[in-house]
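*Asks:* To be precise about what I am sending: the file is called run_11.cif and holds mmCIF, C-alpha atoms.
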data_my_file
loop_
_atom_site.label_atom_id
_atom_site.label_comp_id
_atom_site.auth_asym_id
_atom_site.auth_seq_id
_atom_site.Cartn_x
_atom_site.Cartn_y
_atom_site.Cartn_z
CA MET A 1 -141.61 -49.93 -190.38
CA THR A 2 -140.40 -51.82 -193.46
CA GLY A 3 -141.08 -51.11 -197.09
CA ARG A 4 -143.60 -53.95 -197.15
CA GLU A 5 -145.65 -52.33 -194.36
CA LEU A 6 -146.29 -49.07 -196.21
CA GLY A 7 -149.29 -50.55 -197.97
CA PRO A 8 -149.50 -52.70 -201.11
CA ALA A 9 -149.54 -51.31 -204.60
CA GLU A 10 -153.09 -50.58 -205.71
CA PRO A 11 -154.92 -53.34 -207.59
CA GLY A 12 -154.74 -52.73 -211.29
CA CYS A 13 -151.32 -51.06 -211.20
CA PRO A 14 -149.65 -51.54 -214.58
CA PRO A 15 -146.77 -54.01 -214.76
CA GLY A 16 -143.39 -52.57 -213.88
CA VAL A 17 -140.74 -51.44 -216.33
CA PRO A 18 -137.21 -52.87 -216.20
CA LEU A 19 -134.69 -51.20 -213.94
CA ARG A 20 -132.07 -49.24 -215.86
CA GLN A 21 -130.31 -47.24 -213.14
CA PHE A 22 -128.32 -48.98 -210.41
CA LEU A 23 -127.08 -46.80 -207.57
CA LEU A 24 -124.24 -48.47 -205.66
CA LYS A 25 -123.50 -47.23 -202.13
CA ILE A 26 -119.80 -47.96 -202.30
CA HIS A 27 -119.08 -46.13 -199.01
CA SER A 28 -121.70 -45.63 -196.32
CA ARG A 29 -120.03 -42.83 -194.33
CA CYS A 30 -119.28 -39.19 -195.09
CA ASN A 31 -116.58 -36.71 -194.13
CA LEU A 32 -119.07 -33.83 -194.02
CA SER A 33 -121.89 -33.28 -191.55
CA CYS A 34 -124.52 -31.48 -193.62
CA ASP A 35 -127.42 -30.74 -191.29
CA TYR A 36 -130.05 -31.32 -193.97
CA CYS A 37 -128.71 -34.73 -195.02
CA TYR A 38 -131.45 -37.30 -195.57
CA VAL A 39 -129.11 -40.24 -194.84
CA TYR A 40 -127.65 -39.33 -191.45
CA PHE A 41 -130.20 -36.92 -189.95
CA ALA A 42 -133.51 -38.44 -191.07
CA ALA A 43 -135.87 -41.07 -189.67
CA ASP A 44 -134.11 -44.08 -191.21
CA GLN A 45 -130.79 -44.75 -189.46
CA SER A 46 -129.98 -48.08 -191.11
CA TRP A 47 -126.58 -46.74 -192.23
CA ARG A 48 -125.31 -47.36 -188.69
CA GLU A 49 -125.62 -51.13 -189.14
CA ARG A 50 -124.11 -51.39 -192.62
CA PRO A 51 -120.49 -52.01 -193.69
CA VAL A 52 -118.46 -48.85 -194.16
CA VAL A 53 -117.21 -49.99 -197.59
CA MET A 54 -118.95 -52.15 -200.18
CA SER A 55 -116.82 -55.28 -200.45
CA LEU A 56 -115.54 -56.45 -203.83
CA ASP A 57 -117.54 -59.63 -203.30
CA THR A 58 -120.72 -57.56 -203.09
CA VAL A 59 -119.65 -55.59 -206.18
CA ARG A 60 -119.19 -58.83 -208.14
CA ARG A 61 -122.61 -60.09 -207.10
CA ALA A 62 -124.29 -56.80 -207.94
CA ALA A 63 -122.57 -56.71 -211.33
CA ASP A 64 -123.72 -60.24 -212.12
CA ARG A 65 -127.28 -59.35 -211.16
CA ILE A 66 -127.15 -56.28 -213.43
CA VAL A 67 -125.95 -58.47 -216.30
CA ASP A 68 -128.77 -60.97 -215.68
CA HIS A 69 -131.34 -58.15 -215.63
CA ALA A 70 -129.97 -56.62 -218.84
CA LEU A 71 -130.09 -59.97 -220.62
CA GLU A 72 -133.54 -60.85 -219.32
CA HIS A 73 -135.04 -57.55 -220.47
CA ARG A 74 -132.81 -57.02 -223.52
CA LEU A 75 -131.65 -53.64 -222.24
CA PRO A 76 -129.43 -51.76 -224.71
CA SER A 77 -127.69 -49.85 -221.90
CA VAL A 78 -127.70 -49.26 -218.14
CA ARG A 79 -126.43 -46.54 -215.84
CA ILE A 80 -124.25 -47.25 -212.80
CA ILE A 81 -124.22 -44.47 -210.19
CA LEU A 82 -121.45 -44.55 -207.58
CA HIS A 83 -122.74 -42.98 -204.39
CA GLY A 84 -122.41 -42.81 -200.62
CA GLY A 85 -122.02 -41.35 -198.07
CA GLU A 86 -119.03 -39.94 -199.83
CA PRO A 87 -117.91 -42.49 -202.45
CA LEU A 88 -114.33 -41.19 -202.69
CA LEU A 89 -113.75 -42.22 -199.07
CA ALA A 90 -113.43 -45.74 -200.50
CA GLY A 91 -109.95 -44.72 -201.66
CA ARG A 92 -108.28 -44.92 -205.07
CA LYS A 93 -107.17 -48.55 -204.78
CA HIS A 94 -110.59 -49.90 -203.83
CA LEU A 95 -112.35 -47.67 -206.35
CA SER A 96 -109.98 -48.84 -209.10
CA GLU A 97 -110.62 -52.51 -208.27
CA LEU A 98 -114.37 -51.91 -208.07
CA LEU A 99 -114.47 -50.20 -211.48
CA GLY A 100 -112.33 -52.99 -212.93
CA ILE A 101 -114.84 -55.60 -211.76
CA LEU A 102 -117.77 -53.69 -213.25
CA HIS A 103 -115.96 -53.35 -216.58
CA GLU A 104 -115.03 -57.04 -216.60
CA ARG A 105 -118.61 -58.18 -215.92
CA LEU A 106 -120.56 -55.65 -217.99
CA ASP A 107 -118.36 -55.00 -221.04
CA PRO A 108 -119.18 -58.27 -222.88
CA VAL A 109 -122.93 -57.92 -222.36
CA VAL A 110 -124.35 -54.38 -222.20
CA ARG A 111 -123.34 -50.77 -222.77
CA PHE A 112 -123.08 -48.84 -219.55
CA HIS A 113 -122.53 -45.32 -218.30
CA PHE A 114 -120.69 -44.61 -215.06
CA SER A 115 -121.42 -41.54 -212.95
CA LEU A 116 -120.32 -40.51 -209.48
CA GLN A 117 -121.86 -38.03 -207.04
CA THR A 118 -119.40 -36.45 -204.63
CA ASN A 119 -119.15 -33.60 -202.16
CA GLY A 120 -115.89 -32.68 -203.91
CA THR A 121 -113.69 -32.36 -200.83
CA LEU A 122 -111.47 -35.33 -201.80
CA LEU A 123 -111.47 -34.85 -205.56
CA ASP A 124 -107.83 -34.42 -206.66
CA THR A 125 -105.77 -35.20 -209.76
CA GLY A 126 -105.20 -38.78 -208.59
CA PHE A 127 -108.92 -39.49 -208.44
CA LEU A 128 -109.59 -37.54 -211.65
CA GLU A 129 -107.03 -39.60 -213.56
CA LEU A 130 -108.69 -42.79 -212.30
CA LEU A 131 -112.16 -41.53 -213.20
CA ARG A 132 -110.91 -40.43 -216.62
CA ASP A 133 -109.42 -43.87 -217.29
CA HIS A 134 -112.80 -45.47 -216.58
CA ARG A 135 -114.94 -42.74 -218.20
CA VAL A 136 -116.79 -41.91 -214.97
CA GLU A 137 -118.83 -38.71 -215.16
CA VAL A 138 -118.84 -36.52 -212.05
CA SER A 139 -121.51 -34.43 -210.29
CA VAL A 140 -120.49 -32.22 -207.36
CA SER A 141 -122.61 -30.75 -204.56
CA LEU A 142 -122.28 -26.98 -204.18
CA ASP A 143 -124.85 -24.71 -202.54
CA GLY A 144 -123.64 -21.37 -203.92
CA SER A 145 -121.29 -18.75 -202.51
CA PRO A 146 -118.90 -19.62 -199.65
CA ALA A 147 -121.32 -18.24 -197.04
CA ALA A 148 -124.32 -19.98 -198.64
CA HIS A 149 -122.55 -23.30 -199.04
CA ASP A 150 -120.91 -23.39 -195.62
CA ARG A 151 -124.12 -22.61 -193.75
CA HIS A 152 -124.97 -26.31 -193.93
CA ARG A 153 -122.11 -28.16 -195.65
CA ARG A 154 -119.32 -28.32 -193.04
CA PHE A 155 -116.90 -30.94 -191.81
CA GLY A 156 -117.78 -32.73 -188.59
CA ASP A 157 -115.48 -30.43 -186.60
CA GLY A 158 -117.22 -27.33 -187.98
CA ARG A 159 -114.64 -26.36 -190.61
CA PRO A 160 -116.06 -24.92 -193.86
CA SER A 161 -115.90 -27.14 -196.95
CA HIS A 162 -116.30 -24.53 -199.71
CA PRO A 163 -112.54 -23.90 -200.24
CA ARG A 164 -111.88 -27.60 -200.87
CA VAL A 165 -114.89 -27.95 -203.17
CA ALA A 166 -113.96 -24.84 -205.15
CA ALA A 167 -110.41 -26.15 -205.63
CA ALA A 168 -111.79 -29.49 -206.87
CA LEU A 169 -114.12 -27.74 -209.32
CA ARG A 170 -111.25 -25.72 -210.74
CA LEU A 171 -109.42 -29.01 -211.37
CA LEU A 172 -112.52 -30.59 -212.89
CA GLY A 173 -112.90 -27.60 -215.19
CA ARG A 174 -109.45 -28.09 -216.75
CA PRO A 175 -109.50 -29.22 -220.41
CA ARG A 176 -108.13 -32.67 -219.51
CA TYR A 177 -111.06 -33.44 -217.19
CA ARG A 178 -113.80 -31.17 -218.50
CA ASP A 179 -115.54 -34.01 -220.35
CA LEU A 180 -116.14 -35.75 -216.99
CA PHE A 181 -117.99 -32.76 -215.51
CA VAL A 182 -121.74 -33.41 -215.55
CA GLY A 183 -122.85 -30.58 -213.30
CA LEU A 184 -123.60 -29.19 -209.87
CA LEU A 185 -126.22 -30.22 -207.31
CA CYS A 186 -127.55 -27.30 -205.27
CA VAL A 187 -130.02 -27.61 -202.38
CA VAL A 188 -132.36 -24.61 -202.22
CA ASP A 189 -131.94 -22.59 -199.02
CA LEU A 190 -134.44 -19.79 -198.45
CA ALA A 191 -131.80 -17.91 -196.45
CA ASN A 192 -129.69 -17.47 -199.59
CA ASP A 193 -130.32 -14.91 -202.30
CA PRO A 194 -131.56 -16.92 -205.31
CA VAL A 195 -129.91 -15.01 -208.17
CA GLU A 196 -126.68 -14.60 -206.21
CA THR A 197 -126.67 -18.35 -205.61
CA TYR A 198 -127.22 -19.09 -209.30
CA GLU A 199 -124.44 -16.72 -210.35
CA ALA A 200 -122.05 -18.22 -207.76
CA LEU A 201 -122.65 -21.61 -209.38
CA LEU A 202 -122.05 -20.17 -212.84
CA GLU A 203 -118.53 -19.14 -211.79
CA PHE A 204 -117.50 -22.79 -212.24
CA ALA A 205 -119.05 -23.04 -215.74
CA PRO A 206 -121.13 -26.14 -214.95
CA PRO A 207 -122.67 -27.94 -217.94
CA ARG A 208 -125.81 -28.38 -215.84
CA ILE A 209 -127.26 -27.34 -212.50
CA ASP A 210 -129.76 -29.40 -210.53
CA PHE A 211 -131.67 -27.35 -207.96
CA LEU A 212 -132.96 -29.70 -205.27
CA LEU A 213 -135.76 -28.94 -202.84
CA PRO A 214 -134.95 -29.81 -199.20
CA HIS A 215 -136.52 -33.12 -198.25
CA GLY A 216 -139.66 -33.00 -196.16
CA THR A 217 -143.08 -34.60 -195.74
CA TRP A 218 -146.49 -33.52 -194.48
CA GLN A 219 -145.48 -34.90 -191.09
CA HIS A 220 -142.07 -33.18 -191.11
CA PRO A 221 -142.42 -30.14 -193.42
CA PRO A 222 -139.40 -28.44 -195.00
CA PRO A 223 -137.78 -25.29 -193.55
CA GLY A 224 -139.86 -22.16 -193.98
CA VAL A 225 -143.19 -23.95 -194.36
CA GLU A 226 -143.43 -25.70 -191.01
CA ASP A 227 -147.18 -25.10 -190.90
CA ARG A 228 -147.80 -27.38 -193.88
CA THR A 229 -149.06 -30.43 -192.01
CA THR A 230 -152.34 -31.16 -193.83
CA PRO A 231 -152.48 -32.13 -197.52
CA PRO A 232 -154.90 -30.02 -199.61
CA ARG A 233 -158.30 -31.39 -200.56
CA ASP A 234 -158.41 -29.59 -203.90
CA PRO A 235 -155.90 -28.90 -206.66
CA PRO A 236 -153.92 -25.69 -206.10
CA ASP A 237 -154.91 -22.41 -207.70
CA PRO A 238 -151.63 -21.30 -209.32
CA GLU A 239 -152.91 -17.71 -209.50
CA ALA A 240 -153.81 -17.52 -205.79
CA ARG A 241 -152.23 -14.50 -204.14
CA HIS A 242 -152.93 -15.53 -200.54
CA GLU A 243 -150.71 -18.61 -200.62
CA ARG A 244 -147.38 -18.51 -198.81
CA ILE A 245 -145.07 -19.98 -201.44
CA PRO A 246 -141.48 -19.14 -200.43
CA TYR A 247 -139.90 -21.82 -202.60
CA ALA A 248 -141.70 -20.54 -205.71
CA HIS A 249 -140.60 -17.02 -204.81
CA TRP A 250 -137.01 -18.32 -204.61
CA LEU A 251 -137.05 -20.30 -207.85
CA ILE A 252 -138.96 -17.83 -210.05
CA PRO A 253 -136.19 -15.15 -210.05
CA VAL A 254 -133.65 -17.86 -210.91
CA PHE A 255 -135.83 -19.07 -213.77
CA ASP A 256 -136.25 -15.54 -215.11
CA ARG A 257 -132.51 -14.88 -214.87
CA TRP A 258 -131.78 -18.14 -216.71
CA PHE A 259 -134.61 -17.81 -219.25
CA ASP A 260 -133.78 -14.19 -220.14
CA ALA A 261 -130.03 -14.69 -220.58
CA PRO A 262 -128.97 -13.60 -224.10
CA ARG A 263 -127.29 -16.99 -224.58
CA GLN A 264 -127.51 -20.28 -222.73
CA GLU A 265 -125.16 -20.09 -219.75
CA THR A 266 -125.88 -23.59 -218.51
CA ARG A 267 -128.64 -26.16 -218.46
CA VAL A 268 -130.93 -26.20 -215.41
CA ARG A 269 -132.52 -29.60 -215.10
CA MET A 270 -135.57 -28.58 -213.03
CA PHE A 271 -136.56 -25.88 -215.51
CA GLU A 272 -135.85 -27.95 -218.61
CA GLU A 273 -137.89 -30.91 -217.37
CA LEU A 274 -140.87 -28.77 -216.37
CA MET A 275 -140.74 -26.95 -219.70
CA SER A 276 -140.68 -30.30 -221.48
CA GLY A 277 -143.86 -31.28 -219.62
CA LEU A 278 -145.54 -27.98 -220.48
CA LEU A 279 -144.78 -28.64 -224.15
CA GLY A 280 -146.38 -32.08 -223.88
CA ASP A 281 -143.10 -33.96 -224.06
CA PRO A 282 -141.77 -36.56 -221.58
CA VAL A 283 -140.45 -35.47 -218.19
CA ASN A 284 -137.44 -37.59 -217.30
CA ALA A 285 -136.71 -36.69 -213.70
CA GLU A 286 -137.41 -38.55 -210.48
CA ALA A 287 -138.88 -35.42 -208.88
CA PHE A 288 -141.37 -34.59 -211.67
CA GLY A 289 -143.55 -36.11 -214.35
CA LEU A 290 -145.12 -39.53 -214.74
CA THR A 291 -142.26 -41.47 -216.34
CA PRO A 292 -141.95 -44.80 -214.48
CA HIS A 293 -139.23 -44.92 -211.84
CA ASP A 294 -136.40 -47.20 -213.01
CA LEU A 295 -133.75 -46.84 -210.28
CA VAL A 296 -132.79 -49.23 -207.50
CA VAL A 297 -130.27 -48.71 -204.69
CA VAL A 298 -127.72 -51.35 -203.72
CA GLU A 299 -126.57 -50.60 -200.18
CA SER A 300 -123.02 -51.31 -199.00
CA ASP A 301 -124.09 -54.72 -197.64
CA GLY A 302 -125.87 -55.69 -200.88
CA THR A 303 -129.44 -55.02 -199.71
CA LEU A 304 -131.79 -53.60 -202.34
CA GLU A 305 -133.76 -50.46 -201.60
CA ASP A 306 -135.86 -47.78 -203.22
CA SER A 307 -134.56 -44.19 -203.43
CA ASP A 308 -132.69 -42.69 -200.50
CA SER A 309 -135.12 -39.77 -200.18
CA LEU A 310 -137.60 -42.19 -198.59
CA LYS A 311 -135.35 -42.26 -195.53
CA VAL A 312 -137.10 -39.05 -194.44
CA VAL A 313 -140.44 -40.90 -194.22
CA ALA A 314 -139.86 -43.61 -191.61
CA PRO A 315 -137.33 -46.27 -190.59
CA GLY A 316 -137.30 -48.94 -193.28
CA ALA A 317 -139.39 -46.92 -195.74
CA PRO A 318 -137.07 -47.64 -198.73
CA ALA A 319 -136.65 -51.34 -197.86
CA THR A 320 -137.58 -54.16 -200.21
CA GLY A 321 -136.44 -57.06 -198.00
CA LEU A 322 -134.19 -58.30 -200.81
CA ASP A 323 -130.45 -58.41 -201.51
CA VAL A 324 -128.09 -59.17 -204.40
CA PHE A 325 -126.94 -62.47 -202.85
CA ARG A 326 -130.38 -64.09 -202.80
CA ASN A 327 -132.52 -62.08 -205.20
CA SER A 328 -132.61 -60.75 -208.76
CA PHE A 329 -133.35 -57.19 -209.80
CA SER A 330 -136.52 -58.45 -211.46
CA GLU A 331 -137.70 -59.63 -208.05
CA ALA A 332 -136.99 -56.14 -206.67
CA GLN A 333 -138.86 -54.61 -209.58
CA SER A 334 -141.89 -56.73 -208.66
CA THR A 335 -142.07 -55.68 -204.99
CA ASP A 336 -144.87 -53.41 -203.81
CA THR A 337 -142.21 -50.89 -202.80
CA LEU A 338 -141.04 -50.38 -206.38
CA ARG A 339 -144.34 -51.09 -208.13
CA ARG A 340 -145.87 -48.10 -206.35
CA ARG A 341 -143.13 -45.95 -207.87
CA GLN A 342 -143.89 -47.21 -211.39
CA SER A 343 -147.64 -46.77 -211.43
CA GLY A 344 -147.72 -43.29 -213.01
CA ALA A 345 -150.98 -41.37 -212.74
CA HIS A 346 -152.64 -44.51 -211.38
CA GLY A 347 -150.59 -44.17 -208.20
CA LEU A 348 -151.54 -40.55 -207.53
CA GLY A 349 -154.25 -39.37 -205.14
CA GLN A 350 -157.45 -37.82 -206.41
CA VAL A 351 -156.26 -34.24 -205.86
CA CYS A 352 -153.34 -34.79 -208.21
CA ARG A 353 -155.46 -36.62 -210.76
CA ASP A 354 -157.80 -33.63 -210.90
CA CYS A 355 -154.98 -31.10 -211.32
CA ALA A 356 -154.18 -29.47 -214.67
CA PHE A 357 -150.44 -29.76 -214.00
CA THR A 358 -150.35 -33.50 -213.23
CA ALA A 359 -148.47 -34.50 -216.38
CA VAL A 360 -145.86 -31.82 -215.65
CA CYS A 361 -145.09 -32.17 -211.94
CA GLY A 362 -146.35 -35.76 -211.60
CA GLY A 363 -147.38 -35.06 -208.01
CA GLY A 364 -143.84 -34.05 -207.07
CA LEU A 365 -141.14 -36.23 -205.55
CA TYR A 366 -142.64 -39.42 -204.13
CA SER A 367 -141.22 -39.01 -200.61
CA HIS A 368 -142.50 -35.42 -200.39
CA ARG A 369 -146.10 -36.68 -200.68
CA HIS A 370 -146.14 -38.76 -197.53
CA HIS A 371 -148.59 -38.26 -194.65
CA PRO A 372 -148.92 -40.83 -191.82
CA ALA A 373 -152.69 -41.15 -192.29
CA THR A 374 -152.89 -41.31 -196.07
CA GLY A 375 -149.53 -42.68 -197.14
CA PHE A 376 -148.33 -41.35 -200.50
CA ALA A 377 -151.78 -40.60 -201.97
CA ASN A 378 -151.23 -36.85 -201.57
CA PRO A 379 -149.75 -33.97 -203.51
CA SER A 380 -146.20 -32.95 -202.67
CA VAL A 381 -145.68 -30.84 -199.57
CA TYR A 382 -144.34 -28.36 -202.17
CA CYS A 383 -147.58 -28.51 -204.21
CA ALA A 384 -148.47 -24.80 -203.97
CA ASP A 385 -144.90 -23.74 -204.80
CA LEU A 386 -144.67 -26.07 -207.78
CA ALA A 387 -148.03 -24.90 -209.15
CA ALA A 388 -147.00 -21.24 -208.91
CA LEU A 389 -143.61 -21.93 -210.50
CA ILE A 390 -145.10 -23.95 -213.37
CA ALA A 391 -147.78 -21.31 -214.01
CA HIS A 392 -145.12 -18.60 -214.13
CA MET A 393 -143.00 -20.66 -216.51
CA ARG A 394 -146.01 -21.21 -218.75
CA ARG A 395 -146.67 -17.45 -218.90
CA ARG A 396 -143.06 -16.73 -219.79
CA MET A 397 -143.00 -19.45 -222.44
CA ASN A 398 -146.25 -18.16 -223.95
CA GLU A 399 -144.62 -14.78 -224.44
CA ARG A 400 -142.18 -16.44 -226.85
CA LEU A 401 -144.36 -19.04 -228.56
CA VAL A 402 -146.42 -18.45 -231.66
CA ARG A 403 -149.12 -20.82 -230.37
CA PRO A 404 -149.60 -20.36 -226.60
CA LEU A 405 -149.62 -23.36 -224.30
#
If you convert what's in this file into structure tokens, what do you get?
*Replies:*
Amino acid sequence: MTGRELGPAEPGCPPGVPLRQFLLKIHSRCNLSCDYCYVYFAADQSWRERPVVMSLDTVRRAADRIVDHALEHRLPSVRIILHGGEPLLAGRKHLSELLGILHERLDPVVRFHFSLQTNGTLLDTGFLELLRDHRVEVSVSLDGSPAAHDRHRRFGDGRPSHPRVAAALRLLGRPRYRDLFVGLLCVVDLANDPVETYEALLEFAPPRIDFLLPHGTWQHPPPGVEDRTTPPRDPPDPEARHERIPYAHWLIPVFDRWFDAPRQETRVRMFEELMSGLLGDPVNAEAFGLTPHDLVVVESDGTLEDSDSLKVVAPGAPATGLDVFRNSFSEAQSTDTLRRRQSGAHGLGQVCRDCAFTAVCGGGLYSHRHHPATGFANPSVYCADLAALIAHMRRRMNERLVRPL
């Protein structure tokens, strides 16, 4: 199945917005074997056929296409995300040359922000000096305590990765590199104690924590809710007591612990974005809200794709059929694959349109809505959990607000 076979964007979809985030897969392999990984253990296995490292030729072409897109749409700034696999496997020399090319091409035309997402196992002073020289912000994956983290995030030979990640985070926390530290990415695992997990993350003083729900669809539900195979026909009742909502029950204690802290210990993106939606403000997260999707992936061979999370849906689900050698980013923006992601409330199914929380959760992450029979016109497979979490957050916020939500 290719991206073009998932069904066209609905007639009447609003025109797309320019792309502002460009995720470059600079290395397509990883030195960890995380059993929940959506790249290597999901339906789409296209990584097997792609170059291990993004060539400098491909980097030059991608950079030129970004410049063209910025000029065409008069963008004041863009964001370049270095990703993988594990991007640091590209090595310091290649990474230095790659960053040099991006600076050379982009500097005269548009402001840009570099960020890099890493598993942390290779992050040492050599890499940190390079990233500091090029002002590359760093996010690191960490799932909590050593036992919590190493349940899933191990090297291919079974060795635990937590000691290496912890050492890297201690380096990143030093005053010389602290400004590079964006935050931690933590995948929710129902087997881990939620507050203990949160406090284990706090030990590294992250500026921000992103809690991520494990990827799943209505065809392949997430762990702990394997019976969720049929999308609901009505909006969820957030006050229902009969619902089995293990992910809400995991996240609510973390929210309360964070919300009730006498001072802000860190930012938690999931909670801040949902609170923004409850207050009637924009929600700027891929997983929530109705803000148009503005990210495109450039794979290591230069092909253009939608978000990686769609790899859990079907082989070819993120595909656009385009690449940086033959096509512009404006052409990618105009494909049905990306137009569906930019259609806001118009692209939601009727259940979501009828829900009181639509502007807050936005139907949930796009890939989590998929069902083979109805495509993406469904609520998230986490719908009941999200409704319960948002309702709880609203109650807690109302306790503190003069005018209740």
*Asks:* Please evaluate the PyMOL selection byres ((chain A and resi 58) around 9) against the displayed coordinates and give the resulting residues as a ChimeraX atom specification.
*Replies:* /A:54-57,59-63,300-302,324-325
*Asks:* Care to translate the PyMOL selection byres ((chain A and resi 96) around 12) into actual residues of this file, as a list in words?
*Replies:*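 Taken over the shown coordinates, the PyMOL selection byres ((chain A and resi 96) around 12) returns Ile26, Leu56, Leu88, Ala90, Gly91, Arg92, Lys93, His94, Leu95, Glu97, Leu98, Leu99, Gly100, Ile101, Leu102, His103, Gly126, Phe127, Leu128, Glu129, Leu130, Leu131, Arg132, Asp133, His134 and Val136 of chain A.
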*Asks:* Please provide as a PyMOL selection string all residues within 6 Å of range 383-389 of chain A, with the sequence filter that same-chain residues fewer than 4 positions apart are discarded (counting only C-alpha atoms).
*Replies:* chain A and resi 236+238+245+247-248+379
*Asks:* Any idea what the distance is between CA of Val165 in chain A and CA of Leu142 in chain A?
*Replies:*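 If I compute the distance from CA of Val165 in chain A to CA of Leu142 in chain A, I get 7.5 Å.
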*Asks:* Go ahead and compute the interatomic distance for CA of Leu251 in chain A and CA of Pro231 in chain A, in Å to one decimal.
*Replies:*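 Rounded to one decimal, the two atoms are 22.0 Å apart.
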